[in-house]
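Next comes upload30.pdb, a file with PDB, C-alpha atoms.
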```pdb
MODEL        1
ATOM      1  CA  MET A  45    -124.055 -30.115-135.761
ATOM      2  CA  ARG A  46    -124.339 -31.003-132.091
ATOM      3  CA  ARG A  47    -121.756 -33.778-132.520
ATOM      4  CA  ARG A  48    -119.226 -31.256-133.932
ATOM      5  CA  GLY A  49    -119.718 -29.029-130.885
ATOM      6  CA  VAL A  50    -119.083 -31.934-128.544
ATOM      7  CA  LEU A  51    -115.969 -32.934-130.494
ATOM      8  CA  ALA A  52    -114.695 -29.349-130.493
ATOM      9  CA  MET A  53    -115.236 -29.093-126.730
ATOM     10  CA  GLY A  54    -113.378 -32.391-126.276
ATOM     11  CA  ALA A  55    -110.450 -31.054-128.319
ATOM     12  CA  VAL A  56    -110.343 -27.911-126.175
ATOM     13  CA  LEU A  57    -110.283 -29.994-122.995
ATOM     14  CA  VAL A  58    -107.477 -32.206-124.339
ATOM     15  CA  LEU A  59    -105.415 -29.148-125.291
ATOM     16  CA  ALA A  60    -105.977 -27.599-121.866
ATOM     17  CA  ALA A  61    -104.889 -30.826-120.169
ATOM     18  CA  CYS A  62    -101.732 -30.904-122.301
ATOM     19  CA  GLY A  63    -100.406 -27.620-120.977
ATOM     20  CA  GLY A  64    -102.329 -25.004-122.877
ATOM     21  CA  GLY A  65    -102.257 -22.682-119.874
ATOM     22  CA  ASP A  66    -100.997 -19.139-119.501
ATOM     23  CA  ASP A  67     -97.307 -19.961-118.935
ATOM     24  CA  ASP A  68     -95.638 -19.052-122.248
ATOM     25  CA  ALA A  69     -92.367 -20.714-121.325
ATOM     26  CA  SER A  70     -94.034 -24.065-120.784
ATOM     27  CA  SER A  71     -96.406 -23.886-123.732
ATOM     28  CA  GLY A  72     -93.752 -23.028-126.289
ATOM     29  CA  SER A  73     -95.489 -19.867-127.435
ATOM     30  CA  SER A  74     -93.735 -16.667-128.251
ATOM     31  CA  GLY A  75     -95.361 -14.692-125.469
ATOM     32  CA  ASP A  76     -96.707 -12.273-128.066
ATOM     33  CA  GLY A  77    -100.209 -13.722-127.995
ATOM     34  CA  ASP A  78     -99.444 -16.243-130.742
ATOM     35  CA  SER A  79    -100.778 -19.658-129.852
ATOM     36  CA  ALA A  80     -98.279 -21.625-131.959
ATOM     37  CA  ALA A  81     -96.664 -24.426-129.994
ATOM     38  CA  VAL A  82     -94.816 -27.633-130.712
ATOM     39  CA  VAL A  83     -94.193 -30.405-128.203
ATOM     40  CA  THR A  84     -90.732 -31.422-129.388
ATOM     41  CA  CYS A  85     -90.880 -35.061-128.207
ATOM     42  CA  GLU A  86     -94.142 -35.549-130.092
ATOM     43  CA  VAL A  87     -92.999 -34.147-133.444
ATOM     44  CA  LEU A  88     -89.429 -35.457-133.322
ATOM     45  CA  THR A  89     -89.808 -39.072-132.221
ATOM     46  CA  ALA A  90     -87.139 -41.282-130.715
ATOM     47  CA  ASP A  91     -87.214 -43.437-133.872
ATOM     48  CA  VAL A  92     -86.424 -40.450-136.114
ATOM     49  CA  VAL A  93     -83.575 -39.277-133.869
ATOM     50  CA  GLY A  94     -82.261 -42.817-133.466
ATOM     51  CA  ASP A  95     -82.153 -43.237-137.250
ATOM     52  CA  ALA A  96     -80.220 -39.966-137.620
ATOM     53  CA  LEU A  97     -77.746 -40.953-134.901
ATOM     54  CA  GLY A  98     -77.456 -44.627-135.831
ATOM     55  CA  THR A  99     -78.493 -45.937-132.401
ATOM     56  CA  ASP A 100     -81.646 -46.564-130.384
ATOM     57  CA  VAL A 101     -82.613 -43.650-128.137
ATOM     58  CA  ILE A 102     -85.244 -42.933-125.521
ATOM     59  CA  ALA A 103     -87.083 -39.589-125.733
ATOM     60  CA  GLU A 104     -87.955 -37.683-122.580
ATOM     61  CA  THR A 105     -89.562 -34.258-122.221
ATOM     62  CA  MET A 106     -87.116 -31.903-120.531
ATOM     63  CA  THR A 107     -87.840 -30.183-117.248
ATOM     64  CA  THR A 108     -87.650 -26.540-116.271
ATOM     65  CA  PRO A 109     -85.312 -25.305-113.519
ATOM     66  CA  SER A 110     -88.309 -25.380-111.149
ATOM     67  CA  GLY A 111     -88.917 -29.066-111.933
ATOM     68  CA  GLY A 112     -91.950 -28.686-114.206
ATOM     69  CA  THR A 113     -92.097 -30.080-117.719
ATOM     70  CA  ASP A 114     -90.848 -27.961-120.615
ATOM     71  CA  PRO A 115     -92.552 -29.354-123.724
ATOM     72  CA  VAL A 116     -90.454 -27.228-126.088
ATOM     73  CA  GLY A 117     -87.420 -29.354-125.206
ATOM     74  CA  CYS A 118     -86.750 -33.059-125.543
ATOM     75  CA  SER A 119     -83.822 -35.186-124.419
ATOM     76  CA  TYR A 120     -82.796 -38.229-126.477
ATOM     77  CA  THR A 121     -80.557 -40.688-124.619
ATOM     78  CA  SER A 122     -79.010 -43.896-125.947
ATOM     79  CA  ASP A 123     -79.910 -47.147-124.199
ATOM     80  CA  SER A 124     -76.366 -47.313-122.796
ATOM     81  CA  GLY A 125     -76.598 -43.722-121.556
ATOM     82  CA  ASP A 126     -73.298 -42.719-123.164
ATOM     83  CA  LEU A 127     -74.944 -40.486-125.787
ATOM     84  CA  ARG A 128     -77.410 -37.673-125.148
ATOM     85  CA  VAL A 129     -78.853 -35.098-127.543
ATOM     86  CA  LEU A 130     -81.129 -32.209-126.594
ATOM     87  CA  ALA A 131     -83.560 -30.645-129.079
ATOM     88  CA  THR A 132     -85.781 -27.592-128.690
ATOM     89  CA  ALA A 133     -88.313 -25.822-130.887
ATOM     90  CA  ARG A 134     -89.495 -22.381-129.854
ATOM     91  CA  PHE A 135     -91.867 -20.057-131.650
ATOM     92  CA  GLY A 136     -90.176 -16.711-132.052
ATOM     93  CA  GLU A 137     -87.208 -15.294-133.890
ATOM     94  CA  LYS A 138     -86.151 -13.690-130.603
ATOM     95  CA  TYR A 139     -84.751 -17.088-129.505
ATOM     96  CA  TYR A 140     -82.405 -17.371-132.490
ATOM     97  CA  GLY A 141     -79.494 -15.102-131.572
ATOM     98  CA  GLY A 142     -77.795 -15.445-134.947
ATOM     99  CA  ILE A 143     -74.390 -16.532-136.140
ATOM    100  CA  ASP A 144     -72.849 -13.112-135.368
ATOM    101  CA  SER A 145     -73.723 -13.200-131.665
ATOM    102  CA  PRO A 146     -70.726 -12.493-129.408
ATOM    103  CA  ALA A 147     -71.578 -15.696-127.512
ATOM    104  CA  ARG A 148     -70.453 -17.818-130.489
ATOM    105  CA  THR A 149     -66.990 -19.375-130.290
ATOM    106  CA  ASP A 150     -66.389 -20.610-133.850
ATOM    107  CA  PRO A 151     -69.684 -20.700-135.805
ATOM    108  CA  VAL A 152     -69.949 -22.355-139.197
ATOM    109  CA  ALA A 153     -72.882 -21.475-141.464
ATOM    110  CA  ILE A 154     -75.073 -24.345-142.673
ATOM    111  CA  ASP A 155     -76.747 -24.032-146.065
ATOM    112  CA  GLY A 156     -80.209 -25.396-146.780
ATOM    113  CA  LEU A 157     -81.412 -25.694-143.199
ATOM    114  CA  GLY A 158     -84.283 -23.277-142.585
ATOM    115  CA  ASP A 159     -83.761 -19.611-143.428
ATOM    116  CA  GLU A 160     -80.470 -19.410-141.509
ATOM    117  CA  ALA A 161     -78.482 -21.996-139.586
ATOM    118  CA  PHE A 162     -75.087 -22.574-138.038
ATOM    119  CA  ALA A 163     -73.115 -25.105-136.025
ATOM    120  CA  ASP A 164     -71.064 -23.966-133.049
ATOM    121  CA  ASP A 165     -69.451 -25.800-130.157
ATOM    122  CA  GLY A 166     -71.566 -28.978-130.268
ATOM    123  CA  MET A 167     -74.823 -27.236-131.193
ATOM    124  CA  VAL A 168     -76.781 -26.674-134.389
ATOM    125  CA  THR A 169     -79.178 -23.733-134.341
ATOM    126  CA  PHE A 170     -81.589 -22.718-137.078
ATOM    127  CA  LEU A 171     -84.291 -20.190-137.887
ATOM    128  CA  SER A 172     -87.188 -21.418-140.029
ATOM    129  CA  GLY A 173     -89.905 -18.834-140.543
ATOM    130  CA  GLU A 174     -90.659 -17.692-137.009
ATOM    131  CA  TRP A 175     -89.431 -20.934-135.441
ATOM    132  CA  THR A 176     -86.085 -21.291-133.708
ATOM    133  CA  GLY A 177     -84.706 -24.784-133.304
ATOM    134  CA  SER A 178     -81.581 -26.101-131.692
ATOM    135  CA  VAL A 179     -79.991 -29.505-131.327
ATOM    136  CA  SER A 180     -77.012 -30.054-129.053
ATOM    137  CA  SER A 181     -74.902 -32.861-127.672
ATOM    138  CA  SER A 182     -74.729 -33.046-123.901
ATOM    139  CA  ALA A 183     -72.958 -36.420-123.751
ATOM    140  CA  GLY A 184     -70.988 -38.545-126.182
ATOM    141  CA  ASN A 185     -69.477 -35.816-128.371
ATOM    142  CA  VAL A 186     -71.991 -36.273-131.185
ATOM    143  CA  PRO A 187     -70.507 -35.036-134.493
ATOM    144  CA  ASP A 188     -71.952 -31.837-135.983
ATOM    145  CA  ASP A 189     -73.078 -33.789-139.069
ATOM    146  CA  ASP A 190     -75.281 -36.010-136.882
ATOM    147  CA  LEU A 191     -76.622 -32.991-134.977
ATOM    148  CA  GLU A 192     -77.374 -31.359-138.316
ATOM    149  CA  ALA A 193     -79.296 -34.478-139.433
ATOM    150  CA  VAL A 194     -81.432 -34.276-136.274
ATOM    151  CA  ALA A 195     -81.924 -30.517-136.792
ATOM    152  CA  ARG A 196     -83.082 -31.134-140.372
ATOM    153  CA  ALA A 197     -85.561 -33.734-139.125
ATOM    154  CA  LEU A 198     -86.856 -31.266-136.516
ATOM    155  CA  GLU A 199     -87.149 -28.459-139.041
ATOM    156  CA  SER A 200     -89.144 -30.712-141.385
ATOM    157  CA  LYS A 201     -91.706 -31.318-138.604
ATOM    158  CA  LEU A 202     -92.365 -27.666-137.736
ATOM    159  CA  PRO A 203     -95.663 -26.087-138.839
TER     160      PRO A 203
ENDMDL
END
```
Take the structure in this file and express it as structure tokens.
Amino acid sequence: MRRRGVLAMGAVLVLAACGGGDDDASSGSSGDGDSAAVVTCEVLTADVVGDALGTDVIAETMTTPSGGTDPVGCSYTSDSGDLRVLATARFGEKYYGGIDSPARTDPVAIDGLGDEAFADDGMVTFLSGEWTGSVSSSAGNVPDDDLEAVARALESKLP
């Protein structure tokens, strides 16, 4: 029994060191007291994204405007640097926005991805349970079909 307590304490310390603090934006939690969090670069590896895009990519945790790390977002950049895809996973339906949002330019519904999903202006956004995911192209004009493939891979990794 004592060994289990030591292992549990070790797990708590590892989680605390990995950003399990009070800052909801950096931990990926909904801010509603729910402790659900996903570190996007850990669940959606560079190999998985590279396979979906047909090229080798390097994964890098995104940063916040203040320069800190934002584990809910991951940037995937090709070795040549001419292609870049951003992926985020946030716990909370409040991040979804929906296909009918006035901010959409020309949304197209996507069937079979989460509970709801759409592509719009170089971005695929989906709602899966209480998780909101998005995948967008920030360089290289990645086709929506490839972004959708990455979004499907991300959705399959969510709890």
* Asked: Nearest to A:Val194: which of A:Asp159, A:Asp95, A:Asp150, A:Asp164 is it, counting only C-alpha atoms?
  -> A:Asp95
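Restricting the calculation to only C-alpha atoms, the smallest distance between A:Thr84 and any of A:Gly112, A:Ser119, A:Asp188, A:Gly98 is found for A:Ser119.
For the choices A:Glu199, A:Glu137, A:Asp126, A:Glu104, the atom-to-atom distance to A:Gly184 is smallest for A:Asp126 when using only C-alpha atoms.
Of the listed residues A:Thr99, A:Asp165, A:Leu202, A:Val186, the one whose atoms come nearest to A:Ala147 is A:Asp165, with distances taken using all atoms listed in the file.
Put simply, atom CA of A:Lys201 is 23.2 Å away from atom CA of A:Thr108.
Selection check: the PyMOL selection byres ((chain A and resi 107) around 12) on the shown file gives Ala69, Ser70, Glu104, Thr105, Met106, Thr108, Pro109, Ser110, Gly111, Gly112, Thr113, Asp114, Pro115, Val116, Gly117, Cys118, Ser119, Leu130 and Thr132 of chain A.
Of note, atom CA of A:Cys85 and atom CA of A:Ala103 are spaced 6.4 Å apart.
The shortest atom-to-atom distance to A:Leu88, with only C-alpha atoms taken into account, belongs to A:Ala133 out of A:Arg148, A:Ala133, A:Glu160, A:Gly125.
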* Asked: Given the file above and the PyMOL selection byres ((chain A and resi 185) around 12), which residues are selected, and can you give them as a VMD selection string?
  -> chain A and resid 97 126 to 129 165 to 167 180 to 184 186 to 191
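What separates atom CA of A:Ser178 from atom CA of A:Tyr139 is a distance of 9.8 Å.
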* the PyMOL selection byres ((chain A and resi 173) around 9) on the file shown: which residues, as a PyMOL selection string? -> chain A and resi 136-137+158-159+171-172+174-176
Take the residues that were just selected and, keeping C-alpha atoms, output them as a JSON list (two decimals), keeping the file's coordinate frame.
```
[["chain", "number", "residue", "atom", "x", "y", "z"],
["A", 136, "GLY", "CA", -90.18, -16.71, -132.05],
["A", 137, "GLU", "CA", -87.21, -15.29, -133.89],
["A", 158, "GLY", "CA", -84.28, -23.28, -142.58],
["A", 159, "ASP", "CA", -83.76, -19.61, -143.43],
["A", 171, "LEU", "CA", -84.29, -20.19, -137.89],
["A", 172, "SER", "CA", -87.19, -21.42, -140.03],
["A", 174, "GLU", "CA", -90.66, -17.69, -137.01],
["A", 175, "TRP", "CA", -89.43, -20.93, -135.44],
["A", 176, "THR", "CA", -86.08, -21.29, -133.71]]
```
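For the residues A:Pro151, A:Pro146, A:Gly94, A:Gly141, ranking by smallest atom-to-atom distance to A:Ala197 using all atoms listed in the file places A:Gly94 first.
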